[in-house]
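Below is one structure, written out as structure tokens, with a few remarks after it.
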Amino acid sequence: MKISIIGKGNVGSALARRLTAVGHTVTTAGSSTDTGQVAAQVAEAEVAVLAVPFPAVARLDGKVKAALDGKIVIDATNPLAADFMSLTVGHTTSAGEQVAAALPGARVVKAFNTVFAGTLETPELGGGTLFLPVAADDEAAKKTVLDLGAQLGFDAVDAGPLANARYLEPAVEVLIQLAYGVGLGGDIGFTLARA
């Protein structure tokens, strides 16, 4: 597939490496990339990934928003406070839902936000495969992202509608608190046990 990643930080770079390694054609754009070039990359892609800080979504250029219309858009953002130790939205909405509202024509899928950038490279930790919940209202878009997650070696699981991002985003804050608040370090993640 042709995949455009908006964001060249830790998450965007790790996803670009992994998706390229499994055979996808990946373009990336950072904050210094010309907006016309970003829009052109997105227009050619089948899937776009938002791997930017959540507040950057509100600042997306109109050309880029127009190019995202009708596209599968993977929202990997989390509404983190400036110190990363709390969330800025929750309970009655989510970053995922706000991204969908900002991009009304896009097929938004919440995924890859519950996995640290460092563990995107190694989806198995301690003998378990990392859990990758995927939430969306568009079932076909969700299936595409579930397939991408499985290709990357994750335990990709249908997590229901996009509104369930309200529960997925706080889950990553638990990881952040454990990793950096309590001091367990960034090599941790969730697994889903099954009977």
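Convention: chains lettered A, B, ... in structure tokens order; per-chain residue numbering from 1; ligands numbered from 1 as shown.
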
All alpha helix (DSSP H) residues (DSSP, backbone) inside range 47-179 of chain A, as a PDB file with N, CA, C and O atoms, in the first residue's frame:
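Output (selection.pdb):
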```
ATOM      1  N   PHE A  54      -1.085  15.873  19.532  1.00  0.00           N
ATOM      2  CA  PHE A  54      -2.511  16.102  19.322  1.00  0.00           C
ATOM      3  C   PHE A  54      -2.851  17.551  18.983  1.00  0.00           C
ATOM      4  O   PHE A  54      -3.646  17.800  18.062  1.00  0.00           O
ATOM      5  N   PRO A  55      -2.275  18.574  19.646  1.00  0.00           N
ATOM      6  CA  PRO A  55      -2.634  19.954  19.301  1.00  0.00           C
ATOM      7  C   PRO A  55      -2.312  20.332  17.852  1.00  0.00           C
ATOM      8  O   PRO A  55      -2.927  21.241  17.295  1.00  0.00           O
ATOM      9  N   ALA A  56      -1.375  19.622  17.216  1.00  0.00           N
ATOM     10  CA  ALA A  56      -1.003  19.932  15.827  1.00  0.00           C
ATOM     11  C   ALA A  56      -2.123  19.611  14.843  1.00  0.00           C
ATOM     12  O   ALA A  56      -2.159  20.167  13.744  1.00  0.00           O
ATOM     13  N   VAL A  57      -3.036  18.728  15.220  1.00  0.00           N
ATOM     14  CA  VAL A  57      -4.143  18.373  14.325  1.00  0.00           C
ATOM     15  C   VAL A  57      -4.986  19.613  14.010  1.00  0.00           C
ATOM     16  O   VAL A  57      -5.401  19.831  12.874  1.00  0.00           O
ATOM     17  N   GLY A  62      -5.407  23.726   5.322  1.00  0.00           N
ATOM     18  CA  GLY A  62      -6.626  23.400   4.586  1.00  0.00           C
ATOM     19  C   GLY A  62      -6.396  22.471   3.413  1.00  0.00           C
ATOM     20  O   GLY A  62      -7.220  21.593   3.124  1.00  0.00           O
ATOM     21  N   LYS A  63      -5.262  22.631   2.710  1.00  0.00           N
ATOM     22  CA  LYS A  63      -4.942  21.748   1.584  1.00  0.00           C
ATOM     23  C   LYS A  63      -4.749  20.314   2.064  1.00  0.00           C
ATOM     24  O   LYS A  63      -5.164  19.356   1.409  1.00  0.00           O
ATOM     25  N   VAL A  64      -4.095  20.166   3.220  1.00  0.00           N
ATOM     26  CA  VAL A  64      -3.853  18.833   3.772  1.00  0.00           C
ATOM     27  C   VAL A  64      -5.179  18.216   4.209  1.00  0.00           C
ATOM     28  O   VAL A  64      -5.461  17.044   3.916  1.00  0.00           O
ATOM     29  N   LYS A  65      -6.023  19.002   4.887  1.00  0.00           N
ATOM     30  CA  LYS A  65      -7.338  18.494   5.295  1.00  0.00           C
ATOM     31  C   LYS A  65      -8.145  18.047   4.089  1.00  0.00           C
ATOM     32  O   LYS A  65      -8.788  16.999   4.116  1.00  0.00           O
ATOM     33  N   ALA A  66      -8.105  18.824   3.015  1.00  0.00           N
ATOM     34  CA  ALA A  66      -8.850  18.467   1.808  1.00  0.00           C
ATOM     35  C   ALA A  66      -8.316  17.166   1.212  1.00  0.00           C
ATOM     36  O   ALA A  66      -9.085  16.315   0.746  1.00  0.00           O
ATOM     37  N   ALA A  67      -6.992  16.990   1.239  1.00  0.00           N
ATOM     38  CA  ALA A  67      -6.384  15.772   0.700  1.00  0.00           C
ATOM     39  C   ALA A  67      -6.734  14.544   1.529  1.00  0.00           C
ATOM     40  O   ALA A  67      -6.749  13.420   1.017  1.00  0.00           O
ATOM     41  N   LEU A  68      -7.023  14.746   2.823  1.00  0.00           N
ATOM     42  CA  LEU A  68      -7.386  13.622   3.699  1.00  0.00           C
ATOM     43  C   LEU A  68      -8.834  13.188   3.513  1.00  0.00           C
ATOM     44  O   LEU A  68      -9.229  12.113   3.982  1.00  0.00           O
ATOM     45  N   ALA A  95      -9.424  12.312  21.788  1.00  0.00           N
ATOM     46  CA  ALA A  95      -8.651  12.870  20.679  1.00  0.00           C
ATOM     47  C   ALA A  95      -9.131  12.260  19.367  1.00  0.00           C
ATOM     48  O   ALA A  95      -9.274  12.959  18.363  1.00  0.00           O
ATOM     49  N   GLY A  96      -9.395  10.963  19.367  1.00  0.00           N
ATOM     50  CA  GLY A  96      -9.868  10.297  18.151  1.00  0.00           C
ATOM     51  C   GLY A  96     -11.136  10.925  17.599  1.00  0.00           C
ATOM     52  O   GLY A  96     -11.257  11.179  16.396  1.00  0.00           O
ATOM     53  N   GLU A  97     -12.090  11.191  18.483  1.00  0.00           N
ATOM     54  CA  GLU A  97     -13.346  11.807  18.048  1.00  0.00           C
ATOM     55  C   GLU A  97     -13.126  13.243  17.596  1.00  0.00           C
ATOM     56  O   GLU A  97     -13.767  13.716  16.644  1.00  0.00           O
ATOM     57  N   GLN A  98     -12.222  13.952  18.252  1.00  0.00           N
ATOM     58  CA  GLN A  98     -11.943  15.325  17.854  1.00  0.00           C
ATOM     59  C   GLN A  98     -11.203  15.377  16.518  1.00  0.00           C
ATOM     60  O   GLN A  98     -11.423  16.282  15.716  1.00  0.00           O
ATOM     61  N   VAL A  99     -10.339  14.392  16.260  1.00  0.00           N
ATOM     62  CA  VAL A  99      -9.690  14.299  14.951  1.00  0.00           C
ATOM     63  C   VAL A  99     -10.746  14.061  13.877  1.00  0.00           C
ATOM     64  O   VAL A  99     -10.741  14.697  12.820  1.00  0.00           O
ATOM     65  N   ALA A 100     -11.688  13.165  14.136  1.00  0.00           N
ATOM     66  CA  ALA A 100     -12.764  12.893  13.169  1.00  0.00           C
ATOM     67  C   ALA A 100     -13.601  14.141  12.918  1.00  0.00           C
ATOM     68  O   ALA A 100     -14.005  14.413  11.781  1.00  0.00           O
ATOM     69  N   ALA A 101     -13.852  14.919  13.969  1.00  0.00           N
ATOM     70  CA  ALA A 101     -14.620  16.151  13.796  1.00  0.00           C
ATOM     71  C   ALA A 101     -13.838  17.177  12.979  1.00  0.00           C
ATOM     72  O   ALA A 101     -14.420  17.917  12.173  1.00  0.00           O
ATOM     73  N   ALA A 102     -12.515  17.220  13.156  1.00  0.00           N
ATOM     74  CA  ALA A 102     -11.674  18.167  12.413  1.00  0.00           C
ATOM     75  C   ALA A 102     -11.502  17.750  10.952  1.00  0.00           C
ATOM     76  O   ALA A 102     -11.223  18.594  10.091  1.00  0.00           O
ATOM     77  N   ALA A 117       6.785   4.345  21.147  1.00  0.00           N
ATOM     78  CA  ALA A 117       7.580   4.375  19.919  1.00  0.00           C
ATOM     79  C   ALA A 117       8.664   3.298  19.928  1.00  0.00           C
ATOM     80  O   ALA A 117       8.878   2.612  18.933  1.00  0.00           O
ATOM     81  N   GLY A 118       9.334   3.131  21.062  1.00  0.00           N
ATOM     82  CA  GLY A 118      10.404   2.142  21.154  1.00  0.00           C
ATOM     83  C   GLY A 118       9.932   0.715  20.962  1.00  0.00           C
ATOM     84  O   GLY A 118      10.660  -0.122  20.433  1.00  0.00           O
ATOM     85  N   THR A 119       8.702   0.432  21.383  1.00  0.00           N
ATOM     86  CA  THR A 119       8.196  -0.939  21.245  1.00  0.00           C
ATOM     87  C   THR A 119       7.468  -1.147  19.920  1.00  0.00           C
ATOM     88  O   THR A 119       7.084  -2.279  19.619  1.00  0.00           O
ATOM     89  N   LEU A 120       7.303  -0.105  19.123  1.00  0.00           N
ATOM     90  CA  LEU A 120       6.795  -0.309  17.757  1.00  0.00           C
ATOM     91  C   LEU A 120       7.779  -1.153  16.959  1.00  0.00           C
ATOM     92  O   LEU A 120       7.406  -1.854  16.028  1.00  0.00           O
ATOM     93  N   GLU A 139     -16.081   0.214   9.210  1.00  0.00           N
ATOM     94  CA  GLU A 139     -15.605  -1.169   9.368  1.00  0.00           C
ATOM     95  C   GLU A 139     -14.527  -1.548   8.356  1.00  0.00           C
ATOM     96  O   GLU A 139     -13.581  -2.256   8.684  1.00  0.00           O
ATOM     97  N   ALA A 140     -14.659  -1.089   7.109  1.00  0.00           N
ATOM     98  CA  ALA A 140     -13.652  -1.424   6.098  1.00  0.00           C
ATOM     99  C   ALA A 140     -12.315  -0.764   6.429  1.00  0.00           C
ATOM    100  O   ALA A 140     -11.258  -1.393   6.308  1.00  0.00           O
ATOM    101  N   ALA A 141     -12.356   0.486   6.873  1.00  0.00           N
ATOM    102  CA  ALA A 141     -11.124   1.172   7.267  1.00  0.00           C
ATOM    103  C   ALA A 141     -10.495   0.469   8.465  1.00  0.00           C
ATOM    104  O   ALA A 141      -9.273   0.291   8.529  1.00  0.00           O
ATOM    105  N   LYS A 142     -11.342   0.062   9.420  1.00  0.00           N
ATOM    106  CA  LYS A 142     -10.836  -0.637  10.602  1.00  0.00           C
ATOM    107  C   LYS A 142     -10.141  -1.935  10.199  1.00  0.00           C
ATOM    108  O   LYS A 142      -9.055  -2.251  10.705  1.00  0.00           O
ATOM    109  N   LYS A 143     -10.740  -2.682   9.280  1.00  0.00           N
ATOM    110  CA  LYS A 143     -10.137  -3.948   8.840  1.00  0.00           C
ATOM    111  C   LYS A 143      -8.773  -3.702   8.198  1.00  0.00           C
ATOM    112  O   LYS A 143      -7.822  -4.450   8.440  1.00  0.00           O
ATOM    113  N   THR A 144      -8.652  -2.643   7.392  1.00  0.00           N
ATOM    114  CA  THR A 144      -7.368  -2.318   6.771  1.00  0.00           C
ATOM    115  C   THR A 144      -6.303  -2.093   7.843  1.00  0.00           C
ATOM    116  O   THR A 144      -5.176  -2.589   7.735  1.00  0.00           O
ATOM    117  N   VAL A 145      -6.656  -1.355   8.894  1.00  0.00           N
ATOM    118  CA  VAL A 145      -5.681  -1.042   9.940  1.00  0.00           C
ATOM    119  C   VAL A 145      -5.397  -2.274  10.807  1.00  0.00           C
ATOM    120  O   VAL A 145      -4.253  -2.501  11.219  1.00  0.00           O
ATOM    121  N   LEU A 146      -6.400  -3.100  11.055  1.00  0.00           N
ATOM    122  CA  LEU A 146      -6.165  -4.367  11.765  1.00  0.00           C
ATOM    123  C   LEU A 146      -5.164  -5.221  10.986  1.00  0.00           C
ATOM    124  O   LEU A 146      -4.251  -5.811  11.573  1.00  0.00           O
ATOM    125  N   ASP A 147      -5.325  -5.277   9.669  1.00  0.00           N
ATOM    126  CA  ASP A 147      -4.397  -6.045   8.830  1.00  0.00           C
ATOM    127  C   ASP A 147      -2.982  -5.465   8.904  1.00  0.00           C
ATOM    128  O   ASP A 147      -2.006  -6.211   8.992  1.00  0.00           O
ATOM    129  N   LEU A 148      -2.869  -4.121   8.870  1.00  0.00           N
ATOM    130  CA  LEU A 148      -1.543  -3.496   8.990  1.00  0.00           C
ATOM    131  C   LEU A 148      -0.899  -3.848  10.331  1.00  0.00           C
ATOM    132  O   LEU A 148       0.287  -4.163  10.397  1.00  0.00           O
ATOM    133  N   GLY A 149      -1.685  -3.774  11.408  1.00  0.00           N
ATOM    134  CA  GLY A 149      -1.165  -4.117  12.731  1.00  0.00           C
ATOM    135  C   GLY A 149      -0.671  -5.549  12.795  1.00  0.00           C
ATOM    136  O   GLY A 149       0.402  -5.826  13.344  1.00  0.00           O
ATOM    137  N   ALA A 150      -1.443  -6.464  12.205  1.00  0.00           N
ATOM    138  CA  ALA A 150      -1.035  -7.872  12.187  1.00  0.00           C
ATOM    139  C   ALA A 150       0.236  -8.064  11.363  1.00  0.00           C
ATOM    140  O   ALA A 150       1.120  -8.843  11.746  1.00  0.00           O
ATOM    141  N   GLN A 151       0.336  -7.362  10.233  1.00  0.00           N
ATOM    142  CA  GLN A 151       1.552  -7.451   9.414  1.00  0.00           C
ATOM    143  C   GLN A 151       2.784  -7.031  10.197  1.00  0.00           C
ATOM    144  O   GLN A 151       3.881  -7.552   9.977  1.00  0.00           O
ATOM    145  N   ALA A 165     -12.143   5.253  21.773  1.00  0.00           N
ATOM    146  CA  ALA A 165     -10.867   5.948  21.974  1.00  0.00           C
ATOM    147  C   ALA A 165     -10.850   6.637  23.333  1.00  0.00           C
ATOM    148  O   ALA A 165      -9.784   6.877  23.899  1.00  0.00           O
ATOM    149  N   ARG A 166     -12.033   6.916  23.903  1.00  0.00           N
ATOM    150  CA  ARG A 166     -12.126   7.513  25.244  1.00  0.00           C
ATOM    151  C   ARG A 166     -11.502   6.613  26.299  1.00  0.00           C
ATOM    152  O   ARG A 166     -11.097   7.081  27.365  1.00  0.00           O
ATOM    153  N   TYR A 167     -11.433   5.317  26.023  1.00  0.00           N
ATOM    154  CA  TYR A 167     -10.852   4.347  26.967  1.00  0.00           C
ATOM    155  C   TYR A 167      -9.421   3.984  26.578  1.00  0.00           C
ATOM    156  O   TYR A 167      -8.605   3.671  27.449  1.00  0.00           O
ATOM    157  N   LEU A 168      -9.130   4.026  25.277  1.00  0.00           N
ATOM    158  CA  LEU A 168      -7.783   3.675  24.820  1.00  0.00           C
ATOM    159  C   LEU A 168      -6.764   4.750  25.173  1.00  0.00           C
ATOM    160  O   LEU A 168      -5.624   4.440  25.520  1.00  0.00           O
ATOM    161  N   GLU A 169      -7.156   6.009  25.072  1.00  0.00           N
ATOM    162  CA  GLU A 169      -6.220   7.097  25.361  1.00  0.00           C
ATOM    163  C   GLU A 169      -5.808   7.139  26.832  1.00  0.00           C
ATOM    164  O   GLU A 169      -4.614   7.299  27.126  1.00  0.00           O
ATOM    165  N   PRO A 170      -6.734   6.942  27.787  1.00  0.00           N
ATOM    166  CA  PRO A 170      -6.283   6.862  29.180  1.00  0.00           C
ATOM    167  C   PRO A 170      -5.378   5.650  29.445  1.00  0.00           C
ATOM    168  O   PRO A 170      -4.526   5.704  30.322  1.00  0.00           O
ATOM    169  N   ALA A 171      -5.570   4.578  28.668  1.00  0.00           N
ATOM    170  CA  ALA A 171      -4.731   3.387  28.861  1.00  0.00           C
ATOM    171  C   ALA A 171      -3.266   3.713  28.629  1.00  0.00           C
ATOM    172  O   ALA A 171      -2.387   3.232  29.353  1.00  0.00           O
ATOM    173  N   VAL A 172      -2.986   4.556  27.625  1.00  0.00           N
ATOM    174  CA  VAL A 172      -1.585   4.900  27.383  1.00  0.00           C
ATOM    175  C   VAL A 172      -1.039   5.760  28.515  1.00  0.00           C
ATOM    176  O   VAL A 172       0.151   5.695  28.831  1.00  0.00           O
ATOM    177  N   GLU A 173      -1.902   6.526  29.164  1.00  0.00           N
ATOM    178  CA  GLU A 173      -1.426   7.322  30.304  1.00  0.00           C
ATOM    179  C   GLU A 173      -0.997   6.408  31.454  1.00  0.00           C
ATOM    180  O   GLU A 173      -0.061   6.721  32.187  1.00  0.00           O
ATOM    181  N   VAL A 174      -1.662   5.255  31.587  1.00  0.00           N
ATOM    182  CA  VAL A 174      -1.219   4.267  32.581  1.00  0.00           C
ATOM    183  C   VAL A 174       0.205   3.816  32.254  1.00  0.00           C
ATOM    184  O   VAL A 174       1.072   3.751  33.133  1.00  0.00           O
ATOM    185  N   LEU A 175       0.451   3.528  30.965  1.00  0.00           N
ATOM    186  CA  LEU A 175       1.802   3.128  30.563  1.00  0.00           C
ATOM    187  C   LEU A 175       2.819   4.230  30.853  1.00  0.00           C
ATOM    188  O   LEU A 175       3.921   3.962  31.324  1.00  0.00           O
ATOM    189  N   ILE A 176       2.461   5.465  30.546  1.00  0.00           N
ATOM    190  CA  ILE A 176       3.373   6.591  30.790  1.00  0.00           C
ATOM    191  C   ILE A 176       3.678   6.724  32.274  1.00  0.00           C
ATOM    192  O   ILE A 176       4.837   6.910  32.670  1.00  0.00           O
TER     193      ILE A 176
END
```

All residues 12 Å or closer to Leu152 in chain A, only C-alpha atoms, same chain fewer than 2 positions away omitted, as a PyMOL selection string: chain A and resi 14-24+112+119-124+129-132+145-150+154-156

- prompt: Where does DSSP see strand (DSSP E) in chain A, if you list the residues as a ChimeraX atom specification?
  reply: /A:2-6,25-29,47-50,72-75,107-110,124-125,128-129,131-136,155-158

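You will find CA of Ala135 in chain A at 9.9 Å from CA of Asp75 in chain A.
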
- request: Tell me, in Å to one decimal, how far CA of Ile3 in chain A is from CA of Gly189 in chain A.
  value: 25.1 Å

- line: Using only C-alpha atoms, the best pick from A:Ala48, A:Arg107, A:Gln177, A:Ala39 as closest to Asp83 in chain A would be A:Gln177

task: Within 12 Å of Val42 in chain A, counting only C-alpha atoms, which residues show up once you throw out same-chain ones fewer than 4 positions away? Write them as an MDAnalysis selection string, please.
output: chainID A and resid 2:6 26:29 35:38 46:50 63:73 106

task: Just the residues within 9 Å of Pro79 in chain A, please, counting only C-alpha atoms, with nothing from its chain fewer than 2 positions along; format it as a PyMOL selection string.
output: chain A and resi 53-55+77+81+84+86-90+94-95+169

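In this model, the gap between CA of Ala82 in chain A and CA of Ser32 in chain A comes to 21.4 Å.
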
Option closest in space to Lys110 in chain A, from A:Ile74, A:Asp138, A:Thr92, A:Met85 [counting only C-alpha atoms]: A:Ile74

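Considering only C-alpha atoms, the residue among A:Gly30, A:Ala45, A:Met1, A:Phe116 positioned nearest to Ala179 in chain A is A:Phe116.
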
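Nearest residue to Ala163 in chain A among A:His91, A:Arg59, A:Arg194, A:Lys8 is A:His91, counting only C-alpha atoms.
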